[in-house]
file data-v9.txt (compact mmCIF, C-alpha atoms)
# COMPACT_ATOMS: atom_id res chain seq x y z
CA MET C 8 -116.06 98.10 -58.99
CA ARG C 9 -116.14 96.60 -62.44
CA ASN C 10 -115.13 93.01 -62.71
CA ARG C 11 -111.50 93.07 -63.79
CA LEU C 12 -110.47 89.47 -63.31
CA HIS C 13 -111.86 86.81 -65.62
CA VAL C 14 -111.38 83.06 -65.29
CA LYS C 15 -112.49 80.09 -67.35
CA VAL C 16 -112.51 76.57 -65.93
CA PRO C 17 -114.68 73.64 -67.10
CA ALA C 18 -117.51 72.78 -64.65
CA THR C 19 -117.06 69.01 -64.75
CA VAL C 20 -114.26 66.69 -65.91
CA ALA C 21 -113.37 63.02 -65.83
CA ARG C 22 -110.88 61.96 -63.14
CA GLY C 23 -107.26 62.48 -64.21
CA GLU C 24 -108.19 64.63 -67.17
CA VAL C 25 -105.86 67.47 -68.19
CA VAL C 26 -107.96 70.63 -68.48
CA ARG C 27 -107.18 73.98 -70.02
CA VAL C 28 -107.51 76.88 -67.61
CA MET C 29 -107.68 80.50 -68.76
CA THR C 30 -107.50 83.81 -66.95
CA LYS C 31 -107.40 87.45 -67.94
CA LEU C 32 -106.94 90.61 -65.90
CA ASN C 33 -108.00 94.04 -67.14
CA HIS C 34 -104.94 96.13 -66.31
CA PRO C 35 -102.75 98.56 -68.32
CA MET C 36 -99.48 96.76 -67.33
CA GLU C 37 -97.44 99.95 -67.76
CA SER C 38 -94.12 98.78 -69.22
CA GLY C 39 -91.89 101.69 -68.21
CA TRP C 40 -90.94 102.14 -71.91
CA ARG C 41 -93.53 104.76 -72.73
CA LYS C 42 -92.86 108.52 -72.71
CA ARG C 43 -95.37 111.33 -72.38
CA LEU C 44 -95.31 114.28 -74.77
CA ASP C 45 -93.13 116.24 -72.32
CA GLY C 46 -90.52 113.48 -72.40
CA GLN C 47 -91.31 112.12 -68.94
CA VAL C 48 -91.14 108.35 -68.75
CA VAL C 49 -94.38 106.75 -67.56
CA ALA C 50 -93.43 104.76 -64.46
CA LYS C 51 -93.44 100.99 -64.68
CA ALA C 52 -96.56 99.60 -62.98
CA LEU C 53 -97.15 95.90 -63.47
CA MET C 54 -99.35 93.24 -61.96
CA GLY C 55 -96.34 91.02 -62.23
CA GLU C 56 -97.20 87.97 -60.16
CA PHE C 57 -99.81 85.40 -60.99
CA VAL C 58 -100.41 82.26 -58.94
CA CYS C 59 -102.96 79.53 -59.51
CA LEU C 60 -103.75 77.25 -56.56
CA PHE C 61 -105.82 74.09 -56.65
CA ASN C 62 -107.22 73.07 -53.26
CA GLY C 63 -104.57 75.27 -51.65
CA ARG C 64 -101.65 73.75 -53.59
CA GLU C 65 -99.73 75.85 -56.12
CA VAL C 66 -100.13 74.43 -59.63
CA PHE C 67 -98.94 77.30 -61.81
CA ARG C 68 -97.05 80.53 -61.31
CA ALA C 69 -96.01 83.30 -63.72
CA ASP C 70 -93.64 86.23 -63.22
CA LEU C 71 -94.59 88.82 -65.81
CA ASP C 72 -92.28 91.66 -66.87
CA SER C 73 -92.51 94.63 -69.26
CA GLY C 74 -92.70 92.44 -72.36
CA THR C 75 -96.15 91.19 -71.37
CA ALA C 76 -99.10 92.83 -73.14
CA SER C 77 -101.63 94.98 -71.33
CA ASP C 78 -104.77 93.17 -70.11
CA PRO C 79 -102.61 90.10 -69.50
CA TYR C 80 -104.07 86.78 -70.58
CA LEU C 81 -102.76 83.38 -69.57
CA SER C 82 -103.77 79.88 -70.54
CA PHE C 83 -102.24 76.72 -69.09
CA TYR C 84 -103.11 73.11 -68.27
CA VAL C 85 -103.80 71.30 -65.01
CA ARG C 86 -104.39 67.59 -64.37
CA VAL C 87 -107.46 67.25 -62.16
CA GLU C 88 -107.64 64.16 -59.88
CA GLU C 89 -110.32 65.36 -57.43
CA SER C 90 -113.13 67.89 -57.15
CA GLY C 91 -112.02 71.17 -55.73
CA VAL C 92 -111.52 74.88 -56.03
CA PHE C 93 -109.15 76.78 -58.29
CA ARG C 94 -107.93 80.01 -56.79
CA PHE C 95 -106.50 82.68 -59.09
CA VAL C 96 -104.39 85.42 -57.55
CA TRP C 97 -102.92 88.37 -59.47
CA SER C 98 -100.71 90.71 -57.46
CA GLY C 99 -98.07 93.40 -57.83
CA GLU C 100 -97.84 97.18 -58.01
CA GLY C 101 -97.84 97.95 -54.30
CA ASP C 102 -100.45 95.96 -52.45
CA THR C 103 -102.93 95.66 -55.30
CA ARG C 104 -104.37 92.17 -55.50
CA PHE C 105 -107.12 90.50 -57.47
CA GLU C 106 -108.50 87.12 -56.53
CA ARG C 107 -111.15 84.80 -57.83
CA GLU C 108 -112.22 81.22 -57.28
CA ALA C 109 -113.75 78.63 -59.58
CA ARG C 110 -115.11 75.21 -58.65
CA ILE C 111 -114.54 72.07 -60.66
CA GLU C 112 -116.33 68.72 -60.16
CA VAL C 113 -114.92 65.32 -61.02
CA ASP C 114 -117.65 62.96 -62.22
CA GLY C 115 -117.13 59.21 -61.98
CA MET S 15 -60.87 118.47 -105.76
CA LEU S 16 -60.88 116.84 -102.36
CA SER S 17 -57.47 116.01 -101.00
CA ARG S 18 -56.80 112.88 -98.99
CA ARG S 19 -56.61 115.04 -95.87
CA ASP S 20 -60.05 116.56 -96.55
CA ILE S 21 -61.60 113.17 -97.01
CA LEU S 22 -60.10 111.91 -93.75
CA LEU S 23 -61.34 114.99 -91.90
CA LEU S 24 -64.78 114.55 -93.39
CA CYS S 25 -64.92 110.91 -92.33
CA ALA S 26 -63.88 111.83 -88.80
CA ALA S 27 -66.53 114.56 -88.62
CA VAL S 28 -69.28 112.23 -89.85
CA THR S 29 -68.28 109.52 -87.37
CA ALA S 30 -68.14 112.00 -84.49
CA SER S 31 -71.55 113.46 -85.29
CA ALA S 32 -73.07 109.98 -85.57
CA LEU S 33 -71.75 108.84 -82.17
CA PRO S 34 -74.38 110.50 -79.96
CA PHE S 35 -77.14 108.96 -82.09
CA GLY S 36 -75.54 105.56 -81.75
CA ALA S 37 -75.40 105.98 -77.98
CA ALA S 38 -79.04 107.07 -77.85
CA LEU S 39 -80.08 104.04 -79.90
CA ARG S 40 -78.17 101.69 -77.65
CA GLU S 41 -79.94 103.17 -74.69
CA ALA S 42 -83.39 102.78 -76.24
CA ARG S 43 -83.11 99.21 -77.51
CA ALA S 44 -81.80 96.03 -76.06
CA ALA S 45 -79.54 94.03 -78.34
CA PRO S 46 -79.61 90.25 -78.79
CA ARG S 47 -76.60 90.04 -76.46
CA ASP S 48 -78.69 91.61 -73.66
CA ALA S 49 -81.35 88.96 -74.18
CA LYS S 50 -78.62 86.30 -74.10
CA ALA S 51 -77.17 87.75 -70.89
CA ARG S 52 -80.60 87.89 -69.29
CA LEU S 53 -81.29 84.25 -70.20
CA ALA S 54 -77.91 83.17 -68.81
CA GLU S 55 -78.73 85.02 -65.60
CA LEU S 56 -82.16 83.38 -65.33
CA THR S 57 -80.93 79.86 -66.05
CA GLY S 58 -77.78 80.17 -63.94
CA GLY S 59 -75.51 79.78 -66.94
CA ALA S 60 -76.49 76.16 -67.63
CA GLU S 61 -75.57 74.75 -71.03
CA GLN S 62 -78.32 75.30 -73.57
CA GLN S 63 -79.48 72.77 -76.15
CA GLN S 64 -81.58 73.53 -79.20
CA GLY S 65 -84.85 71.74 -79.83
CA GLY S 66 -87.81 70.44 -77.87
CA VAL S 67 -89.29 73.90 -77.30
CA ASP S 68 -91.94 74.94 -79.79
CA ILE S 69 -92.71 78.65 -79.72
CA THR S 70 -95.47 79.94 -81.96
CA LEU S 71 -95.84 83.59 -82.96
CA PRO S 72 -97.71 85.06 -85.93
CA GLU S 73 -95.40 85.38 -88.92
CA ALA S 74 -96.39 89.04 -89.25
CA THR S 75 -98.72 91.31 -87.32
CA ASP S 76 -99.72 94.98 -87.09
CA GLN S 77 -100.92 94.50 -83.50
CA ALA S 78 -97.53 94.86 -81.84
CA ARG S 79 -99.02 95.59 -78.43
CA HIS S 80 -100.83 92.26 -78.30
CA VAL S 81 -98.91 89.53 -80.04
CA PRO S 82 -100.31 86.07 -79.24
CA MET S 83 -97.64 83.58 -78.21
CA ARG S 84 -97.89 79.87 -77.51
CA ILE S 85 -95.09 77.78 -76.05
CA ALA S 86 -95.19 74.00 -75.94
CA VAL S 87 -92.33 71.94 -74.52
CA ASP S 88 -91.84 68.32 -75.47
CA SER S 89 -92.06 66.63 -72.05
CA PRO S 90 -94.14 63.80 -70.50
CA MET S 91 -94.68 65.97 -67.35
CA THR S 92 -94.31 63.02 -64.96
CA GLU S 93 -92.79 63.08 -61.47
CA ASP S 94 -89.30 62.28 -62.77
CA ASP S 95 -89.34 64.16 -66.06
CA TYR S 96 -91.03 67.52 -66.22
CA VAL S 97 -90.49 71.16 -67.13
CA LYS S 98 -89.68 73.32 -64.11
CA VAL S 99 -89.78 76.75 -65.66
CA ILE S 100 -90.04 78.43 -69.06
CA HIS S 101 -88.25 81.78 -69.42
CA VAL S 102 -89.09 84.07 -72.33
CA VAL S 103 -86.98 87.00 -73.56
CA ALA S 104 -87.21 89.36 -76.53
CA GLU S 105 -84.06 90.30 -78.46
CA ARG S 106 -84.95 93.86 -79.47
CA ASN S 107 -87.36 95.32 -76.93
CA PRO S 108 -86.16 98.19 -74.67
CA THR S 109 -85.80 95.61 -71.90
CA PRO S 110 -85.48 91.93 -72.83
CA ALA S 111 -87.52 90.34 -70.02
CA ILE S 112 -90.98 89.09 -70.96
CA ALA S 113 -92.00 86.45 -68.43
CA SER S 114 -91.16 83.24 -66.56
CA PHE S 115 -93.72 80.46 -66.19
CA HIS S 116 -93.30 77.95 -63.37
CA LEU S 117 -94.69 74.49 -64.04
CA SER S 118 -94.84 71.18 -62.18
CA PRO S 119 -96.01 67.58 -62.85
CA ALA S 120 -99.49 68.79 -61.71
CA ASN S 121 -99.86 70.53 -65.07
CA GLY S 122 -99.94 67.31 -67.09
CA ARG S 123 -99.02 69.22 -70.21
CA ALA S 124 -96.21 71.73 -70.76
CA GLU S 125 -98.03 74.31 -72.80
CA ILE S 126 -98.91 77.93 -72.09
CA SER S 127 -100.22 80.83 -74.10
CA THR S 128 -100.25 84.54 -73.48
CA ARG S 129 -99.90 87.85 -75.28
CA ILE S 130 -96.70 89.88 -75.48
CA ARG S 131 -95.44 93.30 -76.61
CA LEU S 132 -92.91 93.49 -79.44
CA LEU S 133 -91.48 96.91 -80.21
CA GLN S 134 -90.19 95.90 -83.64
CA THR S 135 -89.56 92.91 -85.86
CA GLN S 136 -87.48 90.53 -83.80
CA VAL S 137 -86.72 87.08 -82.46
CA VAL S 138 -88.26 85.82 -79.22
CA VAL S 139 -86.35 83.18 -77.29
CA ALA S 140 -87.87 80.65 -74.88
CA ALA S 141 -85.68 78.58 -72.56
CA ALA S 142 -87.16 75.59 -70.75
CA GLU S 143 -85.44 74.39 -67.59
CA MET S 144 -86.09 70.66 -67.21
CA SER S 145 -86.29 68.68 -63.97
CA ASP S 146 -82.90 67.05 -64.74
CA GLY S 147 -81.25 70.49 -64.90
CA SER S 148 -80.85 70.67 -68.67
CA VAL S 149 -81.95 73.80 -70.54
CA ARG S 150 -83.62 73.69 -73.95
CA ILE S 151 -84.01 76.64 -76.27
CA GLY S 152 -86.64 77.52 -78.86
CA LYS S 153 -86.83 80.62 -81.05
CA ALA S 154 -89.42 82.33 -83.22
CA ARG S 155 -89.39 85.48 -85.28
CA CYS S 156 -92.29 87.88 -85.63
CA LYS S 157 -92.47 90.66 -88.17
CA ILE S 158 -94.12 93.89 -87.02
CA ILE S 159 -95.74 95.67 -89.95
CA GLY S 160 -97.03 99.24 -89.94
CA GLY S 161 -98.07 101.13 -86.84
CA ALA S 162 -95.68 102.46 -84.24
CA GLY S 163 -94.78 99.16 -82.66
CA ALA S 164 -95.61 98.52 -79.03
CA CYS S 165 -94.59 101.98 -77.88
CA GLY S 166 -97.04 101.64 -74.98
call {"tool": "encode", "arguments": {"input": "data-v9.txt", "output": "structure tokens"}}
result
Amino acid sequence: MRNRLHVKVPATVARGEVVRVMTKLNHPMESGWRKRLDGQVVAKALMGEFVCLFNGREVFRADLDSGTASDPYLSFYVRVEESGVFRFVWSGEGDTRFEREARIEVDG
Amino acid sequence: MLSRRDILLLCAAVTASALPFGAALREARAAPRDAKARLAELTGGAEQQQGGVDITLPEATDQARHVPMRIAVDSPMTEDDYVKVIHVVAERNPTPAIASFHLSPANGRAEISTRIRLLQTQVVVAAAEMSDGSVRIGKARCKIIGGAGACG
């Protein structure tokens, strides 16, 4: 399957530095507002839950609703005190789930 | 010449014929009061103060389906003073809810960016719940030019 989940994390940082973390998921995020030509409403289908974990601890969470654009993109900040692994989890719409990990090293 | 009675009848007819359209419009679009109600529900009805929440939207855009939004809250993000959650609602989308972002001292900086859908020119409201229980509000207006708005 095509890669649908993108993440961007710096490879190395200084201890205690606040880094910008970015993620994007390729997904239509059907809002439930749209109508087909026959007047039928297109059912709402969102990947509405995003969680970012650092070394197993939750550092950021987002609940996304209809007002979020398709191909949702999120950028946020995390203070990094130790080397470790960021885990990005997008879920919603039944049991659909997308996950990805990214390693970050603290130098010095 | 039109008599007073004719004019009254005419007014009544026009009002009556306009009612179904009014109802249809109300159904299709949320009003600012819906956004307000939604925010009150999300924040548990806490008292809201203006200021401290900086929300950035383009002044005008023709890309209504992907409007970039940045929210920065004035907070040191330490263990005893941090932003717990940022709720975002739109005043004139079919449904007001946009998103809620949960933060903690681990973030170090209370700033997020994302992209939102705006069906028409409107005001977007962000409410930041602080660790001491207070709620701060920030607003920004974005003009949607051309196109069909974010009908998708």
call {"tool": "axis_aligned_box", "arguments": {"input": "data-v9.txt", "around": "region 70-84 of chain S", "padding_each_side": "4 Å", "output": "AutoDock Vina command-line options"}}
result
--center_x -98.2 --center_y 87.7 --center_z -83.4 --size_x 13.5 --size_y 23.7 --size_z 19.7
call {"tool": "atom_distance", "arguments": {"input": "data-v9.txt", "atom1": "CA of Pro46 (chain S)", "atom2": "CA of Gly59 (chain S)"}}
result
16.3 Å
call {"tool": "interface_residues", "arguments": {"input": "data-v9.txt", "of": "chain S", "to": "chain C", "cutoff": "6 Å", "atoms": "only C-alpha atoms", "output": "ChimeraX atom specification"}}
result
/S:79-80,111-117,120-123,126-131,165-166
call {"tool": "residues_around", "arguments": {"input": "data-v9.txt", "residues": "region 53-57 of chain S", "least_positions_apart": "2", "cutoff": "9 Å", "atoms": "all atoms listed in the file", "output": "compact mmCIF listing (two decimals) with C-alpha atoms, in the frame of the given file"}}
result
# COMPACT_ATOMS: atom_id res chain seq x y z
CA ASP S 48 -78.69 91.61 -73.66
CA ALA S 49 -81.35 88.96 -74.18
CA LYS S 50 -78.62 86.30 -74.10
CA ALA S 51 -77.17 87.75 -70.89
CA GLY S 59 -75.51 79.78 -66.94
CA ALA S 60 -76.49 76.16 -67.63
CA GLU S 61 -75.57 74.75 -71.03
CA HIS S 101 -88.25 81.78 -69.42
CA VAL S 102 -89.09 84.07 -72.33
CA VAL S 103 -86.98 87.00 -73.56
CA ALA S 111 -87.52 90.34 -70.02
CA VAL S 139 -86.35 83.18 -77.29
CA ALA S 140 -87.87 80.65 -74.88
CA ALA S 141 -85.68 78.58 -72.56
CA ALA S 142 -87.16 75.59 -70.75
CA GLU S 143 -85.44 74.39 -67.59
CA VAL S 149 -81.95 73.80 -70.54
call {"tool": "atom_distance", "arguments": {"input": "data-v9.txt", "atom1": "CA of Gln136 (chain S)", "atom2": "CA of Arg52 (chain S)"}}
result
16.3 Å
call {"tool": "closest_residue", "arguments": {"input": "data-v9.txt", "among": "C:Asn33, C:Arg104, C:Leu44, C:Met54", "to": "Val14 (chain C)", "atoms": "only C-alpha atoms"}}
result
C:Asn33
call {"tool": "closest_residue", "arguments": {"input": "data-v9.txt", "among": "C:Arg110, C:Lys15, C:Arg94, C:Arg22", "to": "Gly63 (chain C)", "atoms": "only C-alpha atoms"}}
result
C:Arg94
call {"tool": "closest_residue", "arguments": {"input": "data-v9.txt", "among": "S:Met144, S:Ala86, S:Val99, S:Ile159", "to": "Thr70 (chain S)", "atoms": "all atoms listed in the file"}}
result
S:Ala86
call {"tool": "atom_distance", "arguments": {"input": "data-v9.txt", "atom1": "CA of Asp88 (chain S)", "atom2": "CA of Arg150 (chain S)"}}
result
9.9 Å
call {"tool": "closest_residue", "arguments": {"input": "data-v9.txt", "among": "S:Ala124, S:Val87, S:Val137, S:Leu132", "to": "Gly65 (chain S)", "atoms": "all atoms listed in the file"}}
result
S:Val87
call {"tool": "closest_residue", "arguments": {"input": "data-v9.txt", "among": "C:Gly115, C:Gly91, C:Arg43, C:Val48", "to": "Leu60 (chain C)", "atoms": "all atoms listed in the file"}}
result
C:Gly91
call {"tool": "closest_residue", "arguments": {"input": "data-v9.txt", "among": "C:Glu89, C:Glu106, C:Glu100, C:Glu112", "to": "Thr19 (chain C)", "atoms": "all atoms listed in the file"}}
result
C:Glu112
call {"tool": "residues_around", "arguments": {"input": "data-v9.txt", "residues": "Arg47 (chain S)", "least_positions_apart": "6", "cutoff": "10 Å", "atoms": "all atoms listed in the file", "output": "MDAnalysis selection string"}}
result
chainID S and resid 53 105:106 110
call {"tool": "decode", "arguments": {"input": "data-v9.txt", "residues": "region 40-123 of chain S", "atoms": "C-alpha atoms", "output": "PDB file, in the first residue's frame"}}
result
ATOM      1  CA  ARG S  40     -30.913  27.442   9.378  1.00  0.00           C
ATOM      2  CA  GLU S  41     -30.580  23.738   8.811  1.00  0.00           C
ATOM      3  CA  ALA S  42     -27.628  24.121   6.449  1.00  0.00           C
ATOM      4  CA  ARG S  43     -25.530  26.580   8.439  1.00  0.00           C
ATOM      5  CA  ALA S  44     -24.556  26.856  12.033  1.00  0.00           C
ATOM      6  CA  ALA S  45     -24.956  30.293  13.555  1.00  0.00           C
ATOM      7  CA  PRO S  46     -22.482  32.003  15.894  1.00  0.00           C
ATOM      8  CA  ARG S  47     -24.736  31.007  18.801  1.00  0.00           C
ATOM      9  CA  ASP S  48     -24.213  27.318  17.920  1.00  0.00           C
ATOM     10  CA  ALA S  49     -20.463  27.839  18.028  1.00  0.00           C
ATOM     11  CA  LYS S  50     -20.872  29.591  21.386  1.00  0.00           C
ATOM     12  CA  ALA S  51     -23.005  26.742  22.722  1.00  0.00           C
ATOM     13  CA  ARG S  52     -20.508  24.169  21.515  1.00  0.00           C
ATOM     14  CA  LEU S  53     -17.629  26.024  23.193  1.00  0.00           C
ATOM     15  CA  ALA S  54     -19.581  26.287  26.454  1.00  0.00           C
ATOM     16  CA  GLU S  55     -20.228  22.550  26.281  1.00  0.00           C
ATOM     17  CA  LEU S  56     -16.547  21.778  25.651  1.00  0.00           C
ATOM     18  CA  THR S  57     -15.231  24.044  28.392  1.00  0.00           C
ATOM     19  CA  GLY S  58     -17.921  23.106  30.913  1.00  0.00           C
ATOM     20  CA  GLY S  59     -19.327  26.620  30.990  1.00  0.00           C
ATOM     21  CA  ALA S  60     -16.254  28.185  32.606  1.00  0.00           C
ATOM     22  CA  GLU S  61     -15.965  31.961  32.451  1.00  0.00           C
ATOM     23  CA  GLN S  62     -14.111  33.101  29.347  1.00  0.00           C
ATOM     24  CA  GLN S  63     -11.528  35.879  29.216  1.00  0.00           C
ATOM     25  CA  GLN S  64     -10.307  37.609  26.084  1.00  0.00           C
ATOM     26  CA  GLY S  65      -6.623  37.723  25.217  1.00  0.00           C
ATOM     27  CA  GLY S  66      -3.576  35.491  25.421  1.00  0.00           C
ATOM     28  CA  VAL S  67      -4.660  33.302  22.513  1.00  0.00           C
ATOM     29  CA  ASP S  68      -3.202  34.251  19.156  1.00  0.00           C
ATOM     30  CA  ILE S  69      -4.972  32.639  16.218  1.00  0.00           C
ATOM     31  CA  THR S  70      -3.608  33.252  12.749  1.00  0.00           C
ATOM     32  CA  LEU S  71      -5.614  32.724   9.565  1.00  0.00           C
ATOM     33  CA  PRO S  72      -5.020  34.201   6.118  1.00  0.00           C
ATOM     34  CA  GLU S  73      -6.915  37.465   5.726  1.00  0.00           C
ATOM     35  CA  ALA S  74      -8.476  36.143   2.515  1.00  0.00           C
ATOM     36  CA  THR S  75      -8.182  32.890   0.603  1.00  0.00           C
ATOM     37  CA  ASP S  76      -9.752  31.073  -2.345  1.00  0.00           C
ATOM     38  CA  GLN S  77      -8.626  27.700  -0.960  1.00  0.00           C
ATOM     39  CA  ALA S  78     -11.522  27.221   1.442  1.00  0.00           C
ATOM     40  CA  ARG S  79     -10.935  23.487   1.759  1.00  0.00           C
ATOM     41  CA  HIS S  80      -7.428  23.951   3.120  1.00  0.00           C
ATOM     42  CA  VAL S  81      -7.118  27.070   5.202  1.00  0.00           C
ATOM     43  CA  PRO S  82      -3.862  27.130   7.192  1.00  0.00           C
ATOM     44  CA  MET S  83      -4.367  27.966  10.861  1.00  0.00           C
ATOM     45  CA  ARG S  84      -1.822  28.581  13.602  1.00  0.00           C
ATOM     46  CA  ILE S  85      -2.703  28.949  17.269  1.00  0.00           C
ATOM     47  CA  ALA S  86      -0.218  30.146  19.861  1.00  0.00           C
ATOM     48  CA  VAL S  87      -1.150  30.558  23.522  1.00  0.00           C
ATOM     49  CA  ASP S  88       0.808  32.828  25.816  1.00  0.00           C
ATOM     50  CA  SER S  89       1.949  30.345  28.495  1.00  0.00           C
ATOM     51  CA  PRO S  90       5.303  29.304  30.037  1.00  0.00           C
ATOM     52  CA  MET S  91       4.245  25.605  29.750  1.00  0.00           C
ATOM     53  CA  THR S  92       5.767  24.668  33.126  1.00  0.00           C
ATOM     54  CA  GLU S  93       4.453  22.074  35.586  1.00  0.00           C
ATOM     55  CA  ASP S  94       2.312  24.630  37.429  1.00  0.00           C
ATOM     56  CA  ASP S  95       1.248  26.848  34.545  1.00  0.00           C
ATOM     57  CA  TYR S  96       0.414  25.256  31.235  1.00  0.00           C
ATOM     58  CA  VAL S  97      -2.295  24.941  28.597  1.00  0.00           C
ATOM     59  CA  LYS S  98      -4.382  21.801  29.009  1.00  0.00           C
ATOM     60  CA  VAL S  99      -6.446  21.924  25.863  1.00  0.00           C
ATOM     61  CA  ILE S 100      -7.216  24.223  22.935  1.00  0.00           C
ATOM     62  CA  HIS S 101     -10.714  23.952  21.450  1.00  0.00           C
ATOM     63  CA  VAL S 102     -11.439  25.416  18.024  1.00  0.00           C
ATOM     64  CA  VAL S 103     -14.889  26.156  16.583  1.00  0.00           C
ATOM     65  CA  ALA S 104     -16.129  27.853  13.415  1.00  0.00           C
ATOM     66  CA  GLU S 105     -19.096  30.240  13.571  1.00  0.00           C
ATOM     67  CA  ARG S 106     -20.647  29.581  10.162  1.00  0.00           C
ATOM     68  CA  ASN S 107     -19.794  26.058   9.054  1.00  0.00           C
ATOM     69  CA  PRO S 108     -22.614  23.456   8.830  1.00  0.00           C
ATOM     70  CA  THR S 109     -21.330  22.050  12.120  1.00  0.00           C
ATOM     71  CA  PRO S 110     -19.210  24.266  14.373  1.00  0.00           C
ATOM     72  CA  ALA S 111     -16.713  21.696  15.686  1.00  0.00           C
ATOM     73  CA  ILE S 112     -13.217  21.836  14.197  1.00  0.00           C
ATOM     74  CA  ALA S 113     -10.836  20.214  16.663  1.00  0.00           C
ATOM     75  CA  SER S 114      -9.494  19.974  20.223  1.00  0.00           C
ATOM     76  CA  PHE S 115      -5.760  19.801  20.902  1.00  0.00           C
ATOM     77  CA  HIS S 116      -4.567  18.346  24.202  1.00  0.00           C
ATOM     78  CA  LEU S 117      -1.274  19.698  25.488  1.00  0.00           C
ATOM     79  CA  SER S 118       0.896  19.182  28.571  1.00  0.00           C
ATOM     80  CA  PRO S 119       4.104  20.650  30.078  1.00  0.00           C
ATOM     81  CA  ALA S 120       5.983  18.092  27.889  1.00  0.00           C
ATOM     82  CA  ASN S 121       5.264  20.313  24.886  1.00  0.00           C
ATOM     83  CA  GLY S 122       7.436  23.192  26.075  1.00  0.00           C
ATOM     84  CA  ARG S 123       5.604  25.558  23.777  1.00  0.00           C
TER      85      ARG S 123
END
